[in-house]
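Enquirer: Provided below: run.pdb, containing PDB, C-alpha atoms, pLDDT in the B column.
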```pdb
ATOM      1  CA  ARG X   1     129.021 129.596 107.958  1.00 53.00           C
ATOM      2  CA  ARG X   2     127.053 128.075 110.826  1.00 52.00           C
ATOM      3  CA  LYS X   3     123.722 126.444 109.816  1.00 49.00           C
ATOM      4  CA  ARG X   4     120.811 128.449 111.141  1.00 56.00           C
ATOM      5  CA  PRO X   5     118.069 126.634 113.122  1.00 52.00           C
ATOM      6  CA  SER X   6     115.578 127.436 110.338  1.00 51.00           C
ATOM      7  CA  ASP X   7     117.905 125.782 107.790  1.00 54.00           C
ATOM      8  CA  ALA X   8     118.137 122.643 109.914  1.00 49.00           C
ATOM      9  CA  LYS X   9     114.346 122.520 110.328  1.00 50.00           C
ATOM     10  CA  SER X  10     113.836 122.942 106.592  1.00 51.00           C
ATOM     11  CA  SER X  11     116.374 120.190 105.835  1.00 50.00           C
ATOM     12  CA  THR X  12     114.653 117.854 108.306  1.00 50.00           C
ATOM     13  CA  GLN X  13     111.251 118.505 106.748  1.00 53.00           C
ATOM     14  CA  ILE X  14     112.595 117.783 103.245  1.00 48.00           C
ATOM     15  CA  SER X  15     114.212 114.535 104.398  1.00 48.00           C
ATOM     16  CA  LYS X  16     110.995 113.481 106.133  1.00 49.00           C
ATOM     17  CA  LYS X  17     108.950 114.210 103.017  1.00 48.00           C
ATOM     18  CA  LYS X  18     111.358 112.194 100.838  1.00 46.00           C
ATOM     19  CA  TYR X  19     111.138 109.284 103.298  1.00 41.00           C
ATOM     20  CA  GLU X  20     107.323 109.402 103.287  1.00 46.00           C
ATOM     21  CA  MET X  21     107.297 109.404  99.473  1.00 44.00           C
ATOM     22  CA  ALA X  22     109.622 106.393  99.412  1.00 42.00           C
ATOM     23  CA  GLU X  23     107.306 104.579 101.818  1.00 48.00           C
ATOM     24  CA  GLU X  24     104.243 105.058  99.563  1.00 58.00           C
ATOM     25  CA  LYS X  25     102.953 101.929  97.899  1.00 68.00           C
ATOM     26  CA  ILE X  26     103.923 101.582  94.251  1.00 75.00           C
ATOM     27  CA  ARG X  27     100.898 102.078  91.993  1.00 75.00           C
ATOM     28  CA  THR X  28     100.041  98.871  90.157  1.00 77.00           C
ATOM     29  CA  TYR X  29      97.143  97.875  87.917  1.00 83.00           C
ATOM     30  CA  GLY X  30      95.229  94.727  87.081  1.00 84.00           C
ATOM     31  CA  VAL X  31      93.062  92.542  89.344  1.00 85.00           C
ATOM     32  CA  ASP X  32      94.492  89.290  90.741  1.00 85.00           C
ATOM     33  CA  SER X  33      91.167  88.094  92.175  1.00 90.00           C
ATOM     34  CA  ALA X  34      87.798  89.103  90.746  1.00 91.00           C
ATOM     35  CA  ASP X  35      86.135  87.787  93.912  1.00 91.00           C
ATOM     36  CA  ASN X  36      88.226  90.071  96.117  1.00 92.00           C
ATOM     37  CA  TYR X  37      87.588  92.982  93.766  1.00 89.00           C
ATOM     38  CA  TRP X  38      83.808  92.645  94.201  1.00 91.00           C
ATOM     39  CA  ARG X  39      84.119  92.077  97.946  1.00 92.00           C
ATOM     40  CA  GLU X  40      86.058  95.339  98.241  1.00 90.00           C
ATOM     41  CA  ARG X  41      83.532  97.237  96.118  1.00 88.00           C
ATOM     42  CA  GLU X  42      80.725  95.912  98.284  1.00 88.00           C
ATOM     43  CA  ALA X  43      82.561  96.901 101.488  1.00 90.00           C
ATOM     44  CA  GLU X  44      83.085 100.406 100.078  1.00 89.00           C
ATOM     45  CA  GLY X  45      79.375 100.735  99.260  1.00 88.00           C
ATOM     46  CA  ARG X  46      79.996 100.976  95.503  1.00 85.00           C
ATOM     47  CA  GLY X  47      77.324  98.533  94.363  1.00 83.00           C
ATOM     48  CA  SER X  48      74.337 100.808  93.757  1.00 87.00           C
ATOM     49  CA  GLU X  49      72.502 101.181  90.444  1.00 88.00           C
ATOM     50  CA  LYS X  50      73.889 104.056  88.389  1.00 89.00           C
ATOM     51  CA  ARG X  51      72.938 106.144  85.397  1.00 88.00           C
ATOM     52  CA  VAL X  52      75.306 104.150  83.179  1.00 89.00           C
ATOM     53  CA  HIS X  53      73.327 100.928  83.796  1.00 91.00           C
ATOM     54  CA  ARG X  54      70.131 102.513  82.483  1.00 91.00           C
ATOM     55  CA  PHE X  55      72.095 104.093  79.647  1.00 90.00           C
ATOM     56  CA  ILE X  56      73.269 100.653  78.482  1.00 90.00           C
ATOM     57  CA  ARG X  57      69.767  99.217  78.696  1.00 90.00           C
ATOM     58  CA  ASP X  58      68.428 102.093  76.605  1.00 89.00           C
ATOM     59  CA  LEU X  59      71.195 101.741  74.007  1.00 86.00           C
ATOM     60  CA  GLY X  60      70.394  98.053  73.726  1.00 82.00           C
ATOM     61  CA  GLY X  61      66.684  98.828  73.460  1.00 82.00           C
ATOM     62  CA  LYS X  62      67.266 100.992  70.390  1.00 83.00           C
ATOM     63  CA  ASN X  63      68.748  97.990  68.591  1.00 81.00           C
ATOM     64  CA  VAL X  64      66.820  95.043  70.067  1.00 87.00           C
ATOM     65  CA  GLY X  65      63.101  94.265  69.994  1.00 76.00           C
ATOM     66  CA  ASP X  66      61.187  92.988  72.995  1.00 73.00           C
ATOM     67  CA  SER X  67      61.839  89.403  71.926  1.00 80.00           C
ATOM     68  CA  GLY X  68      65.498  90.068  71.103  1.00 92.00           C
ATOM     69  CA  ASN X  69      68.493  88.312  72.637  1.00 96.00           C
ATOM     70  CA  VAL X  70      71.002  90.275  74.709  1.00 96.00           C
ATOM     71  CA  LEU X  71      74.284  89.032  76.160  1.00 97.00           C
ATOM     72  CA  ILE X  72      75.877  90.906  79.072  1.00 97.00           C
ATOM     73  CA  CYS X  73      79.654  90.398  79.035  1.00 97.00           C
ATOM     74  CA  GLY X  74      80.738  91.145  82.583  1.00 96.00           C
ATOM     75  CA  VAL X  75      77.555  91.019  84.683  1.00 96.00           C
ATOM     76  CA  GLY X  76      79.427  92.613  87.588  1.00 94.00           C
ATOM     77  CA  ASP X  77      77.113  94.084  90.227  1.00 93.00           C
ATOM     78  CA  GLY X  78      74.098  92.765  88.297  1.00 95.00           C
ATOM     79  CA  HIS X  79      72.179  96.003  87.703  1.00 94.00           C
ATOM     80  CA  GLU X  80      72.625  96.013  83.939  1.00 95.00           C
ATOM     81  CA  TYR X  81      71.499  92.371  83.700  1.00 96.00           C
ATOM     82  CA  ARG X  82      68.478  92.941  85.932  1.00 95.00           C
ATOM     83  CA  LEU X  83      67.349  95.962  83.903  1.00 94.00           C
ATOM     84  CA  CYS X  84      67.810  94.222  80.550  1.00 94.00           C
ATOM     85  CA  ALA X  85      66.079  91.014  81.695  1.00 93.00           C
ATOM     86  CA  LYS X  86      62.857  92.987  82.190  1.00 92.00           C
ATOM     87  CA  HIS X  87      62.723  93.756  78.457  1.00 91.00           C
ATOM     88  CA  PHE X  88      64.824  91.209  76.559  1.00 94.00           C
ATOM     89  CA  ASN X  89      65.860  87.570  76.534  1.00 95.00           C
ATOM     90  CA  THR X  90      69.043  88.003  78.528  1.00 96.00           C
ATOM     91  CA  TRP X  91      72.189  85.933  79.096  1.00 98.00           C
ATOM     92  CA  GLY X  92      75.345  86.845  80.950  1.00 98.00           C
ATOM     93  CA  VAL X  93      79.008  86.043  81.564  1.00 98.00           C
ATOM     94  CA  GLU X  94      80.705  86.818  84.879  1.00 97.00           C
ATOM     95  CA  MET X  95      84.120  85.651  86.080  1.00 95.00           C
ATOM     96  CA  SER X  96      83.468  86.174  89.807  1.00 95.00           C
ATOM     97  CA  ARG X  97      81.673  83.387  91.646  1.00 96.00           C
ATOM     98  CA  TYR X  98      81.287  85.719  94.624  1.00 95.00           C
ATOM     99  CA  ALA X  99      79.487  88.340  92.486  1.00 95.00           C
ATOM    100  CA  ILE X 100      77.102  85.728  91.085  1.00 96.00           C
ATOM    101  CA  GLU X 101      76.251  84.496  94.582  1.00 95.00           C
ATOM    102  CA  GLN X 102      75.124  88.022  95.557  1.00 95.00           C
ATOM    103  CA  TYR X 103      72.499  88.397  92.816  1.00 95.00           C
ATOM    104  CA  ASP X 104      68.879  88.554  93.944  1.00 93.00           C
ATOM    105  CA  PHE X 105      67.493  87.433  90.559  1.00 95.00           C
ATOM    106  CA  ASP X 106      67.409  84.253  88.502  1.00 95.00           C
ATOM    107  CA  THR X 107      70.945  83.339  87.397  1.00 96.00           C
ATOM    108  CA  HIS X 108      70.313  80.233  85.301  1.00 96.00           C
ATOM    109  CA  ASN X 109      71.302  82.160  82.127  1.00 97.00           C
ATOM    110  CA  ILE X 110      74.569  83.413  83.662  1.00 98.00           C
ATOM    111  CA  VAL X 111      77.776  81.467  83.040  1.00 97.00           C
ATOM    112  CA  GLU X 112      80.848  81.787  85.231  1.00 97.00           C
ATOM    113  CA  ALA X 113      83.726  82.225  82.782  1.00 97.00           C
ATOM    114  CA  ASN X 114      86.787  84.334  82.017  1.00 95.00           C
ATOM    115  CA  LEU X 115      86.226  86.468  78.908  1.00 96.00           C
ATOM    116  CA  ASN X 116      89.944  86.288  78.175  1.00 94.00           C
ATOM    117  CA  ASN X 117      89.066  82.834  76.880  1.00 95.00           C
ATOM    118  CA  GLY X 118      86.359  84.243  74.601  1.00 95.00           C
ATOM    119  CA  ILE X 119      82.565  84.188  74.835  1.00 96.00           C
ATOM    120  CA  PRO X 120      81.193  80.800  75.980  1.00 96.00           C
ATOM    121  CA  ASP X 121      78.974  78.871  73.585  1.00 94.00           C
ATOM    122  CA  PHE X 122      75.369  79.612  74.545  1.00 95.00           C
ATOM    123  CA  GLU X 123      73.989  77.967  71.395  1.00 95.00           C
ATOM    124  CA  GLU X 124      72.317  81.307  70.712  1.00 95.00           C
ATOM    125  CA  LYS X 125      72.986  84.324  68.504  1.00 96.00           C
ATOM    126  CA  PHE X 126      72.576  87.759  70.035  1.00 97.00           C
ATOM    127  CA  ASP X 127      70.989  90.947  68.728  1.00 96.00           C
ATOM    128  CA  ALA X 128      73.167  92.939  71.124  1.00 96.00           C
ATOM    129  CA  ILE X 129      76.235  92.097  73.184  1.00 97.00           C
ATOM    130  CA  THR X 130      77.048  94.626  75.899  1.00 96.00           C
ATOM    131  CA  ILE X 131      80.626  95.126  77.016  1.00 96.00           C
ATOM    132  CA  SER X 132      80.543  97.772  79.722  1.00 94.00           C
ATOM    133  CA  MET X 133      83.751  98.666  81.586  1.00 92.00           C
ATOM    134  CA  VAL X 134      85.236  95.330  80.493  1.00 93.00           C
ATOM    135  CA  LEU X 135      87.683  95.960  77.631  1.00 93.00           C
ATOM    136  CA  HIS X 136      90.305  97.315  80.026  1.00 91.00           C
ATOM    137  CA  TRP X 137      90.172  94.018  81.988  1.00 91.00           C
ATOM    138  CA  LEU X 138      91.141  91.955  78.940  1.00 94.00           C
ATOM    139  CA  ASP X 139      94.558  90.667  77.898  1.00 93.00           C
ATOM    140  CA  ASP X 140      93.778  91.112  74.192  1.00 95.00           C
ATOM    141  CA  PRO X 141      90.733  93.363  73.565  1.00 96.00           C
ATOM    142  CA  GLU X 142      91.165  93.275  69.778  1.00 96.00           C
ATOM    143  CA  GLU X 143      91.059  89.486  69.646  1.00 96.00           C
ATOM    144  CA  PHE X 144      87.997  89.419  71.911  1.00 97.00           C
ATOM    145  CA  LEU X 145      86.144  91.891  69.681  1.00 97.00           C
ATOM    146  CA  SER X 146      87.082  89.961  66.549  1.00 97.00           C
ATOM    147  CA  GLN X 147      85.738  86.714  68.005  1.00 96.00           C
ATOM    148  CA  ALA X 148      82.552  88.367  69.321  1.00 97.00           C
ATOM    149  CA  LYS X 149      81.291  88.847  65.766  1.00 97.00           C
ATOM    150  CA  SER X 150      80.543  85.118  65.502  1.00 96.00           C
ATOM    151  CA  SER X 151      78.059  85.441  68.409  1.00 97.00           C
ATOM    152  CA  LEU X 152      75.976  88.186  66.750  1.00 97.00           C
ATOM    153  CA  THR X 153      72.874  87.870  64.606  1.00 95.00           C
ATOM    154  CA  GLU X 154      73.044  89.210  61.055  1.00 94.00           C
ATOM    155  CA  ASN X 155      72.052  92.724  62.173  1.00 93.00           C
ATOM    156  CA  GLY X 156      73.481  92.437  65.681  1.00 95.00           C
ATOM    157  CA  CYS X 157      75.602  95.059  67.409  1.00 96.00           C
ATOM    158  CA  LEU X 158      78.007  95.517  70.277  1.00 97.00           C
ATOM    159  CA  VAL X 159      77.248  98.100  72.962  1.00 96.00           C
ATOM    160  CA  VAL X 160      80.609  99.083  74.427  1.00 96.00           C
ATOM    161  CA  VAL X 161      81.157 101.463  77.343  1.00 95.00           C
ATOM    162  CA  ILE X 162      84.669 102.562  78.282  1.00 95.00           C
ATOM    163  CA  PRO X 163      86.015 104.716  81.109  1.00 93.00           C
ATOM    164  CA  ASN X 164      87.326 107.950  79.621  1.00 94.00           C
ATOM    165  CA  ILE X 165      90.918 108.332  80.780  1.00 94.00           C
ATOM    166  CA  THR X 166      91.136 111.648  78.872  1.00 95.00           C
ATOM    167  CA  TYR X 167      88.367 113.240  81.003  1.00 96.00           C
ATOM    168  CA  TYR X 168      89.221 116.919  81.567  1.00 96.00           C
ATOM    169  CA  GLN X 169      89.564 116.621  85.347  1.00 96.00           C
ATOM    170  CA  TYR X 170      92.121 113.831  84.841  1.00 95.00           C
ATOM    171  CA  ARG X 171      94.030 116.093  82.462  1.00 95.00           C
ATOM    172  CA  LEU X 172      94.099 118.821  85.100  1.00 96.00           C
ATOM    173  CA  LYS X 173      95.385 116.344  87.691  1.00 95.00           C
ATOM    174  CA  TYR X 174      98.312 115.492  85.413  1.00 92.00           C
ATOM    175  CA  LEU X 175      98.917 119.175  84.709  1.00 94.00           C
ATOM    176  CA  PHE X 176      99.416 119.847  88.429  1.00 95.00           C
ATOM    177  CA  GLY X 177     101.534 116.744  89.026  1.00 94.00           C
ATOM    178  CA  HIS X 178      98.922 114.374  90.459  1.00 92.00           C
ATOM    179  CA  PHE X 179      97.763 110.972  89.283  1.00 89.00           C
ATOM    180  CA  PRO X 180      94.005 110.805  88.604  1.00 90.00           C
ATOM    181  CA  PRO X 181      91.683 108.308  90.351  1.00 88.00           C
ATOM    182  CA  ILE X 182      91.735 105.724  87.541  1.00 86.00           C
ATOM    183  CA  SER X 183      90.394 102.312  88.556  1.00 83.00           C
ATOM    184  CA  ALA X 184      93.042  99.759  89.519  1.00 79.00           C
ATOM    185  CA  SER X 185      91.126  97.169  87.487  1.00 82.00           C
ATOM    186  CA  HIS X 186      92.828  98.316  84.264  1.00 85.00           C
ATOM    187  CA  LYS X 187      95.037  95.761  82.558  1.00 87.00           C
ATOM    188  CA  ASN X 188      95.363  98.083  79.582  1.00 88.00           C
ATOM    189  CA  PHE X 189      94.854 101.796  79.002  1.00 87.00           C
ATOM    190  CA  GLN X 190      93.272 103.193  75.863  1.00 91.00           C
ATOM    191  CA  THR X 191      92.119 106.690  75.029  1.00 94.00           C
ATOM    192  CA  PRO X 192      88.831 107.098  73.115  1.00 95.00           C
ATOM    193  CA  ILE X 193      90.772 107.683  69.876  1.00 96.00           C
ATOM    194  CA  GLU X 194      92.775 104.505  70.442  1.00 96.00           C
ATOM    195  CA  VAL X 195      89.710 102.403  71.241  1.00 97.00           C
ATOM    196  CA  GLU X 196      87.994 103.666  68.078  1.00 97.00           C
ATOM    197  CA  GLN X 197      91.043 102.573  66.096  1.00 97.00           C
ATOM    198  CA  LEU X 198      90.775  99.219  67.876  1.00 97.00           C
ATOM    199  CA  PHE X 199      87.153  98.827  66.742  1.00 98.00           C
ATOM    200  CA  ARG X 200      88.152  99.394  63.127  1.00 98.00           C
ATOM    201  CA  ARG X 201      91.080  96.969  63.287  1.00 97.00           C
ATOM    202  CA  ALA X 202      88.742  94.339  64.747  1.00 98.00           C
ATOM    203  CA  GLY X 203      86.376  94.822  61.793  1.00 98.00           C
ATOM    204  CA  TYR X 204      83.639  97.126  63.128  1.00 98.00           C
ATOM    205  CA  ARG X 205      82.088 100.418  62.118  1.00 98.00           C
ATOM    206  CA  ILE X 206      80.927 102.946  64.710  1.00 97.00           C
ATOM    207  CA  ILE X 207      77.183 103.616  64.594  1.00 96.00           C
ATOM    208  CA  GLU X 208      76.946 105.910  67.621  1.00 94.00           C
ATOM    209  CA  ARG X 209      79.259 107.550  70.154  1.00 94.00           C
ATOM    210  CA  LEU X 210      77.714 109.244  73.180  1.00 90.00           C
ATOM    211  CA  SER X 211      77.863 109.679  76.934  1.00 91.00           C
ATOM    212  CA  SER X 212      75.588 108.402  79.669  1.00 89.00           C
ATOM    213  CA  LYS X 213      75.296 111.997  80.941  1.00 88.00           C
ATOM    214  CA  ASP X 214      72.835 114.017  78.878  1.00 85.00           C
ATOM    215  CA  ALA X 215      74.433 117.457  79.116  1.00 89.00           C
ATOM    216  CA  ILE X 216      75.254 119.764  76.222  1.00 91.00           C
ATOM    217  CA  LYS X 217      79.002 119.729  76.874  1.00 93.00           C
ATOM    218  CA  THR X 218      79.180 115.928  77.164  1.00 93.00           C
ATOM    219  CA  ARG X 219      77.100 115.475  74.004  1.00 88.00           C
ATOM    220  CA  THR X 220      79.265 117.972  72.110  1.00 91.00           C
ATOM    221  CA  TRP X 221      82.704 117.019  73.453  1.00 93.00           C
ATOM    222  CA  PRO X 222      82.351 113.550  75.027  1.00 93.00           C
ATOM    223  CA  THR X 223      86.080 112.788  74.948  1.00 94.00           C
ATOM    224  CA  LEU X 224      86.733 115.864  77.086  1.00 95.00           C
ATOM    225  CA  PHE X 225      83.750 116.148  79.443  1.00 96.00           C
ATOM    226  CA  ALA X 226      82.343 112.606  79.753  1.00 95.00           C
ATOM    227  CA  THR X 227      83.607 110.261  82.454  1.00 93.00           C
ATOM    228  CA  ASP X 228      82.474 107.308  80.348  1.00 94.00           C
ATOM    229  CA  ILE X 229      81.798 106.941  76.636  1.00 95.00           C
ATOM    230  CA  GLY X 230      79.332 104.547  75.034  1.00 94.00           C
ATOM    231  CA  TYR X 231      79.559 103.126  71.523  1.00 95.00           C
ATOM    232  CA  VAL X 232      77.228 101.121  69.324  1.00 96.00           C
ATOM    233  CA  ILE X 233      79.312  99.252  66.774  1.00 97.00           C
ATOM    234  CA  LYS X 234      78.488  96.732  64.050  1.00 97.00           C
ATOM    235  CA  PRO X 235      80.628  94.380  61.970  1.00 97.00           C
ATOM    236  CA  LEU X 236      81.755  95.727  58.615  1.00 96.00           C
TER     237      LEU X 236
END
```
How does this structure look as structure tokens?
Expert:
Amino acid sequence: RRKRPSDAKSSTQISKKKYEMAEEKIRTYGVDSADNYWREREAEGRGSEKRVHRFIRDLGGKNVGDSGNVLICGVGDGHEYRLCAKHFNTWGVEMSRYAIEQYDFDTHNIVEANLNNGIPDFEEKFDAITISMVLHWLDDPEEFLSQAKSSLTENGCLVVVIPNITYYQYRLKYLFGHFPPISASHKNFQTPIEVEQLFRRAGYRIIERLSSKDAIKTRTWPTLFATDIGYVIKPL
């Protein structure tokens, strides 16, 4: 039979859609340049202080006295460091020279280093080491956590914050065939259950698990309703 005009139009639309899909950039993860990463965040206006920064400071405060030592692993935009430095003796590690140059506070306690090579020797022991949105940047998170124990005081703890890739809105995206807006900075992907298993393999016990958002549903079901999950963990 002869092809109707509507059939031809439909066929053309399908071919065009397939071509557009083929032209889309392949989704890749991992950051080649930390400097470029922070430049892009700054250009996008994503450098403001957030609830999670205050959440980390408060978690640290529950485990560190006013004269305690805190190490920030991944100083990033600097808000967490600035908040902690008001209350504790604070040190930091940041791999981006560009990020460090943007800080408007004293940086003499901040070392430029790649945490994939471990924590630099500060000749100090720390009452708390914060690792916020950093584990997914690392080549070997378990090895990093294992080595971090040697930098803690006898009663020291790690304060770890992870992005929750099992957040319910992400699950709905998958359900309807869409990829969720997960940060391209991920070198590895771990669900909350998997990261908790990682803590135990690295020789830690979980003291607390909670969310930076203080709502009933996030407190009750953090792995479902929290966009980020915070842990306080201590060596076994």
Enquirer: Find the residues of range 38-150 of chain X that sit at most 12 Å from range 197-218 of chain X; for each, write down the nearest two atoms and how far apart they are in Å, to one decimal. Count only C-alpha atoms. Sort by chain, then by number going up, and give it as JSON lines.
Expert:
```
{"residue": "X:Lys50", "atom": "CA", "partner": "X:Ser212", "partner_atom": "CA", "distance": 9.9}
{"residue": "X:Arg51", "atom": "CA", "partner": "X:Ser212", "partner_atom": "CA", "distance": 6.7}
{"residue": "X:Val52", "atom": "CA", "partner": "X:Ser212", "partner_atom": "CA", "distance": 5.5}
{"residue": "X:His53", "atom": "CA", "partner": "X:Ser212", "partner_atom": "CA", "distance": 8.8}
{"residue": "X:Arg54", "atom": "CA", "partner": "X:Ser212", "partner_atom": "CA", "distance": 8.5}
{"residue": "X:Phe55", "atom": "CA", "partner": "X:Ser212", "partner_atom": "CA", "distance": 5.5}
{"residue": "X:Ile56", "atom": "CA", "partner": "X:Ser212", "partner_atom": "CA", "distance": 8.2}
{"residue": "X:Arg57", "atom": "CA", "partner": "X:Ser212", "partner_atom": "CA", "distance": 10.9}
{"residue": "X:Asp58", "atom": "CA", "partner": "X:Ser212", "partner_atom": "CA", "distance": 10.0}
{"residue": "X:Leu59", "atom": "CA", "partner": "X:Glu208", "partner_atom": "CA", "distance": 9.6}
{"residue": "X:Gly60", "atom": "CA", "partner": "X:Glu208", "partner_atom": "CA", "distance": 11.9}
{"residue": "X:Lys62", "atom": "CA", "partner": "X:Glu208", "partner_atom": "CA", "distance": 11.2}
{"residue": "X:Asn63", "atom": "CA", "partner": "X:Ile207", "partner_atom": "CA", "distance": 10.9}
{"residue": "X:Ser132", "atom": "CA", "partner": "X:Ser212", "partner_atom": "CA", "distance": 11.7}
{"residue": "X:Leu135", "atom": "CA", "partner": "X:Leu198", "partner_atom": "CA", "distance": 10.7}
{"residue": "X:Asp140", "atom": "CA", "partner": "X:Leu198", "partner_atom": "CA", "distance": 10.7}
{"residue": "X:Pro141", "atom": "CA", "partner": "X:Leu198", "partner_atom": "CA", "distance": 8.2}
{"residue": "X:Glu142", "atom": "CA", "partner": "X:Ala202", "partner_atom": "CA", "distance": 5.7}
{"residue": "X:Glu143", "atom": "CA", "partner": "X:Ala202", "partner_atom": "CA", "distance": 7.3}
{"residue": "X:Phe144", "atom": "CA", "partner": "X:Ala202", "partner_atom": "CA", "distance": 8.7}
{"residue": "X:Leu145", "atom": "CA", "partner": "X:Ala202", "partner_atom": "CA", "distance": 6.1}
{"residue": "X:Ser146", "atom": "CA", "partner": "X:Ala202", "partner_atom": "CA", "distance": 5.0}
{"residue": "X:Gln147", "atom": "CA", "partner": "X:Ala202", "partner_atom": "CA", "distance": 8.8}
{"residue": "X:Ala148", "atom": "CA", "partner": "X:Ala202", "partner_atom": "CA", "distance": 9.7}
{"residue": "X:Lys149", "atom": "CA", "partner": "X:Gly203", "partner_atom": "CA", "distance": 8.8}
{"residue": "X:Ser150", "atom": "CA", "partner": "X:Gly203", "partner_atom": "CA", "distance": 11.9}
```
Enquirer: Could those residues be written to a file, using C-alpha atoms, as a short mmCIF file (atom, residue, chain, number, x, y, z; two decimals), keeping the file's coordinate frame?
Expert:
```cif
data_model
loop_
_atom_site.label_atom_id
_atom_site.label_comp_id
_atom_site.auth_asym_id
_atom_site.auth_seq_id
_atom_site.Cartn_x
_atom_site.Cartn_y
_atom_site.Cartn_z
CA LYS X 50 73.89 104.06 88.39
CA ARG X 51 72.94 106.14 85.40
CA VAL X 52 75.31 104.15 83.18
CA HIS X 53 73.33 100.93 83.80
CA ARG X 54 70.13 102.51 82.48
CA PHE X 55 72.10 104.09 79.65
CA ILE X 56 73.27 100.65 78.48
CA ARG X 57 69.77 99.22 78.70
CA ASP X 58 68.43 102.09 76.60
CA LEU X 59 71.19 101.74 74.01
CA GLY X 60 70.39 98.05 73.73
CA LYS X 62 67.27 100.99 70.39
CA ASN X 63 68.75 97.99 68.59
CA SER X 132 80.54 97.77 79.72
CA LEU X 135 87.68 95.96 77.63
CA ASP X 140 93.78 91.11 74.19
CA PRO X 141 90.73 93.36 73.56
CA GLU X 142 91.16 93.28 69.78
CA GLU X 143 91.06 89.49 69.65
CA PHE X 144 88.00 89.42 71.91
CA LEU X 145 86.14 91.89 69.68
CA SER X 146 87.08 89.96 66.55
CA GLN X 147 85.74 86.71 68.00
CA ALA X 148 82.55 88.37 69.32
CA LYS X 149 81.29 88.85 65.77
CA SER X 150 80.54 85.12 65.50
#
```
Enquirer: Could you work out an axis-aligned bounding box for all listed atoms of range 80-98 of chain X, with 8 Å added on each of the six sides, and give its centre and edge lengths in Å to one decimal, as JSON?
Expert:
```
{"center_x": 73.4, "center_y": 89.7, "center_z": 85.6, "size_x": 37.4, "size_y": 28.6, "size_z": 34.1}
```
Enquirer: Excluding Ile182 in chain X and its own-chain neighbours fewer than 3 positions away, which residues fall within 12 Å of it when counting all atoms listed in the file? Please give them as a PyMOL selection string.
Expert: chain X and resi 27-30+136+163-167+169-171+173-174+178-179+185-189+227-228
Enquirer: In Å, how far is it from CA of Val160 in chain X to CA of Ile233 in chain X?
Expert: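 Those two atoms sit 7.8 Å apart.
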Enquirer: Quick one, how far is CA of Gly76 in chain X from CA of Glu94 in chain X?
Expert: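 Value for the CA of Gly76 in chain X-CA of Glu94 in chain X distance: 6.5 Å.
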Enquirer: Do you have the CA of Ser48 in chain X-CA of Gly78 in chain X distance handy?
Expert: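 Spanning CA of Ser48 in chain X to CA of Gly78 in chain X is a straight-line distance of 9.7 Å.
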Enquirer: If I put a ball of radius 9 Å at (62.5, 90.0, 68.9) in the file's coordinates, which residues poke into it when counting only C-alpha atoms, written as a ChimeraX atom specification?
Expert: /X:64-69,88-89,127
Enquirer: Would you give me, as a tab-separated table, each residue of range 16-83 of chain X having an atom within 8 Å of an atom of range 99-116 of chain X, along with its shortest atom pair and that distance in Å to one decimal, using all atoms listed in the file and sorting by chain and residue number?
Expert:
```
residue	atom	partner	partner_atom	distance
X:Asp35	CA	X:Ala99	CA	6.8
X:Trp38	CA	X:Ala99	CA	6.3
X:Cys73	CA	X:Leu115	CA	7.7
X:Gly76	CA	X:Ala99	CA	6.5
X:Asp77	CA	X:Ala99	CA	6.6
X:Gly78	CA	X:Tyr103	CA	6.5
X:Arg82	CA	X:Phe105	CA	7.3
```
Enquirer: Which residue gives the smallest distance to Gly61 in chain X among X:Thr130, X:Ser151, X:Thr223, X:Asn117, with all atoms listed in the file counted?
Expert: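 Under the stated criterion, the closest residue is X:Thr130.
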Enquirer: With distances taken over all atoms listed in the file, which of X:Pro235, X:Gly74, X:Gly230, X:Pro120 is nearest to Leu152 in chain X?
Expert: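 Ranking X:Pro235, X:Gly74, X:Gly230, X:Pro120 by distance to Leu152 in chain X, first place goes to X:Pro235.
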Enquirer: Check the smallest atom-to-atom distance from each of X:Tyr168, X:Tyr81, X:Phe176, X:Trp91 to Leu224 in chain X using only C-alpha atoms, then report the winner.
Expert: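 Smallest distance to Leu224 in chain X is found for X:Tyr168.
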